[in-house]
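Have a look at the structure below, then the notes.
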Amino acid sequence: MRSGKLSHRLTAVLEYIPDGSVFADIGSDHAYLPCYAVRSGKARAAIAGEVAEGPLHSAKKQVERQGLQEKISVRKGDGLEVISPAEVECITIAGMGGTLIKKILTEGREKLRGVKRLILQPNVNAECVRGWLLENGWQLVAEQILEEDGQIYEILVAEPGEPLEPYRGKNRDAALLLGPYLMEEKSEAFRKKWRNEVKRWKRILKHLQSASDSPENRRKKAEFERKIQLVEEVLHDETS
């Protein structure tokens, strides 16, 4: 948070935090997001959760440096262990892989009672997170994709509701992979991400096709071919 400013990625996450809410930032690292949200008046209080001693120490120092100890509680714990049911209205989990985010939500499912919004920013495998939301009664209400320092990030915002709603009238497999809102907008960051992914998948597929035949290789080839087809259909063959 150089010069008191959040990164572009965390600023985008911040925008989705409901005004005046109490939120938990899981895997808070230096507690930049909670500090900025509380100091700016976006949130009235926050919990910064960390499982590792180093980042936990950094978060405590950051909160103390800004004199926010009364409003931000820094807690050590794995995932949602750091909160109690109905303690927060919003949860942010940013900067982790989609598989880890899914694990955190699954293991802490009972802590989600009373939570009105999830703001999730998987670095990879957002499809996995969308699948969890779909299966667990959370409706995807917004998505954003952005590029910062050469990396492309996706932000998923979900609330309790009808999980199938964003997928109606769409190819479900494509919407889970690409994002039901993002595939409609087709921003430049979206196009760049998926053009690059298709190129990467085609390189992998080429190696698999020259490798020895096995059930596992056939499974992998079928999966990459499926994904390439889904993306190319959405991008109208831009990637070919």
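Labels used: A, B, ... for chains in the order of the structure tokens, numbers from 1 for residues in each chain, and numbers from 1 for ligands as shown.
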
Problem - A:Tyr153 environment, 12 Å, only C-alpha atoms, sequence neighbours closer than 2 positions dropped, as a ChimeraX atom specification - result: /A:8-10,12-13,94-98,120-126,143-151,155-156,182,189-190,192-193

Problem - Those of stretch 25-239 of chain A in DSSP strand (DSSP E), formatted as JSON, numbers by chain - result: {"A": [25, 26, 43, 44, 45, 46, 47, 48, 49, 50, 72, 73, 74, 75, 76, 90, 91, 92, 93, 94, 95, 96, 117, 118, 119, 120, 121, 122, 138, 139, 140, 141, 142, 143, 144, 145, 146, 147, 148, 151, 152, 153, 154, 155, 156, 157, 158, 159, 160]}

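Residue neighbourhood of stretch 197-199 of chain A, excluding near-sequence residues (fewer than 3 positions): Lys193, Trp194, Lys202, Arg203, Ile228 and Thr239 of chain A, at 7 Å, using only C-alpha atoms.
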
Within 10 Å of A:Glu110, counting only C-alpha atoms, which residues show up once you throw out same-chain ones fewer than 4 positions away? Write them as a compact mmCIF listing (two decimals) with N, CA and C atoms, in the first residue's frame, please.
# COMPACT_ATOMS: atom_id res chain seq x y z
N LEU A 80 -11.65 -19.65 7.85
CA LEU A 80 -12.75 -19.01 8.57
C LEU A 80 -12.76 -19.33 10.06
N SER A 84 -16.62 -15.97 14.09
CA SER A 84 -17.73 -16.72 14.66
C SER A 84 -18.94 -16.55 13.75
N PRO A 85 -19.89 -17.49 13.79
CA PRO A 85 -21.10 -17.34 12.99
C PRO A 85 -21.81 -16.02 13.31
N ALA A 86 -22.25 -15.33 12.28
CA ALA A 86 -23.00 -14.07 12.39
C ALA A 86 -22.15 -12.90 12.89
N LEU A 105 -13.92 -22.17 2.08
CA LEU A 105 -15.38 -22.02 2.17
C LEU A 105 -16.05 -23.31 2.61
N THR A 106 -15.55 -24.42 2.11
CA THR A 106 -16.13 -25.73 2.47
C THR A 106 -15.92 -26.04 3.94
N GLY A 114 -25.31 -15.63 8.39
CA GLY A 114 -25.38 -14.18 8.60
C GLY A 114 -24.55 -13.38 7.62

Considering only C-alpha atoms, tabulate each residue of stretch 92-210 of chain A that lies at most 12 Å from stretch 48-66 of chain A along with its nearest interatomic pair and the corresponding distance in Å to one decimal; arrange the rows by chain and ascending residue number and present them as a Markdown table.
| residue | atom | partner | partner_atom | distance |
| --- | --- | --- | --- | --- |
| A:Thr92 | CA | A:Ala48 | CA | 9.8 |
| A:Ile93 | CA | A:Gly49 | CA | 9.9 |
| A:Ala94 | CA | A:Gly49 | CA | 11.8 |
| A:Ile104 | CA | A:Val51 | CA | 11.9 |

Practice task
Per DSSP on the backbone, filter stretch 121-234 of chain A down to the residues in alpha helix (DSSP H) and report them as a PyMOL selection string.
Solution key: chain A and resi 126-135+172-178+182-185+188-210+215-234

Practice task
Just the residues within 10 Å of A:Ala174, please, counting only C-alpha atoms, with nothing from its chain fewer than 6 positions along; format it as a list of chain:residue names.
Solution key: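 Residues meeting the cut-off are A:Glu127, A:Tyr167, A:Pro180, A:Met183, A:Arg226, A:Lys227, A:Gln229, A:Leu230, A:Val231, A:Glu233, A:Val234.
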
Requested write-out: N, CA, C and O atoms of the selected residues, as a PDB file, in the first residue's frame:
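Writing the result to selection-v6.pdb gives the following:
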ATOM      1  N   GLU A 127     -13.037 -21.101 -12.056  1.00  0.00           N
ATOM      2  CA  GLU A 127     -14.102 -22.057 -12.376  1.00  0.00           C
ATOM      3  C   GLU A 127     -14.461 -22.889 -11.141  1.00  0.00           C
ATOM      4  O   GLU A 127     -15.637 -23.180 -10.882  1.00  0.00           O
ATOM      5  N   TYR A 167     -26.786 -18.150 -14.812  1.00  0.00           N
ATOM      6  CA  TYR A 167     -26.442 -19.119 -15.852  1.00  0.00           C
ATOM      7  C   TYR A 167     -27.589 -19.405 -16.812  1.00  0.00           C
ATOM      8  O   TYR A 167     -27.407 -20.119 -17.792  1.00  0.00           O
ATOM      9  N   PRO A 180     -20.229 -16.007 -16.165  1.00  0.00           N
ATOM     10  CA  PRO A 180     -21.448 -15.652 -16.900  1.00  0.00           C
ATOM     11  C   PRO A 180     -21.552 -14.171 -17.243  1.00  0.00           C
ATOM     12  O   PRO A 180     -22.089 -13.813 -18.291  1.00  0.00           O
ATOM     13  N   MET A 183     -18.255 -13.208 -19.750  1.00  0.00           N
ATOM     14  CA  MET A 183     -18.357 -13.667 -21.135  1.00  0.00           C
ATOM     15  C   MET A 183     -19.350 -12.836 -21.939  1.00  0.00           C
ATOM     16  O   MET A 183     -19.304 -12.843 -23.172  1.00  0.00           O
ATOM     17  N   ARG A 226     -12.107 -29.820 -24.982  1.00  0.00           N
ATOM     18  CA  ARG A 226     -13.399 -29.274 -24.550  1.00  0.00           C
ATOM     19  C   ARG A 226     -13.251 -27.794 -24.190  1.00  0.00           C
ATOM     20  O   ARG A 226     -14.041 -26.954 -24.614  1.00  0.00           O
ATOM     21  N   LYS A 227     -12.219 -27.468 -23.431  1.00  0.00           N
ATOM     22  CA  LYS A 227     -12.028 -26.082 -22.996  1.00  0.00           C
ATOM     23  C   LYS A 227     -11.721 -25.168 -24.180  1.00  0.00           C
ATOM     24  O   LYS A 227     -12.237 -24.047 -24.257  1.00  0.00           O
ATOM     25  N   GLN A 229     -12.653 -25.540 -27.241  1.00  0.00           N
ATOM     26  CA  GLN A 229     -13.888 -25.345 -27.987  1.00  0.00           C
ATOM     27  C   GLN A 229     -14.801 -24.333 -27.297  1.00  0.00           C
ATOM     28  O   GLN A 229     -15.372 -23.445 -27.946  1.00  0.00           O
ATOM     29  N   LEU A 230     -14.939 -24.445 -25.991  1.00  0.00           N
ATOM     30  CA  LEU A 230     -15.800 -23.521 -25.238  1.00  0.00           C
ATOM     31  C   LEU A 230     -15.325 -22.078 -25.396  1.00  0.00           C
ATOM     32  O   LEU A 230     -16.115 -21.174 -25.663  1.00  0.00           O
ATOM     33  N   VAL A 231     -14.026 -21.870 -25.247  1.00  0.00           N
ATOM     34  CA  VAL A 231     -13.482 -20.512 -25.328  1.00  0.00           C
ATOM     35  C   VAL A 231     -13.588 -19.963 -26.743  1.00  0.00           C
ATOM     36  O   VAL A 231     -14.004 -18.813 -26.952  1.00  0.00           O
ATOM     37  N   GLU A 233     -15.658 -20.691 -29.048  1.00  0.00           N
ATOM     38  CA  GLU A 233     -17.055 -20.379 -29.378  1.00  0.00           C
ATOM     39  C   GLU A 233     -17.462 -19.031 -28.796  1.00  0.00           C
ATOM     40  O   GLU A 233     -18.155 -18.242 -29.441  1.00  0.00           O
ATOM     41  N   VAL A 234     -17.012 -18.733 -27.581  1.00  0.00           N
ATOM     42  CA  VAL A 234     -17.353 -17.459 -26.953  1.00  0.00           C
ATOM     43  C   VAL A 234     -16.621 -16.300 -27.629  1.00  0.00           C
ATOM     44  O   VAL A 234     -17.174 -15.221 -27.844  1.00  0.00           O
TER      45      VAL A 234
END

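Once A:Ile91 and its same-chain neighbours fewer than 6 positions away are set aside, Ile17, Val22, Phe23, Ala24, Asp25, Ile26, Ala46, Ile47, Leu80, Ile83, Leu112, Val115, Lys116, Arg117, Leu118, Ile119 and Leu120 of chain A remain within 10 Å of it when counting only C-alpha atoms.
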
Practice task
Would you mind reading off the distance between atom CA of A:Leu68 and atom CA of A:Cys35, one decimal, in Å?
Solution key: 7.3 Å

Practice task
Point out the residue among A:Ala43, A:Arg113, A:Gly131, A:Glu81 with the least atom-to-atom distance to A:Arg172, counting only C-alpha atoms.
Solution key: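 Nearest candidate to A:Arg172 out of A:Ala43, A:Arg113, A:Gly131, A:Glu81: A:Gly131.
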
Handout entry: Residue nearest A:Ala175 among A:Phe224, A:Ala45, A:Arg130, A:Ser73 (counting only C-alpha atoms)
Key = A:Arg130

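Compared by their closest atoms to A:Lys76, and using only C-alpha atoms, the residues A:Lys111, A:Arg218, A:Arg44, A:Gly27 rank with A:Gly27 nearest.
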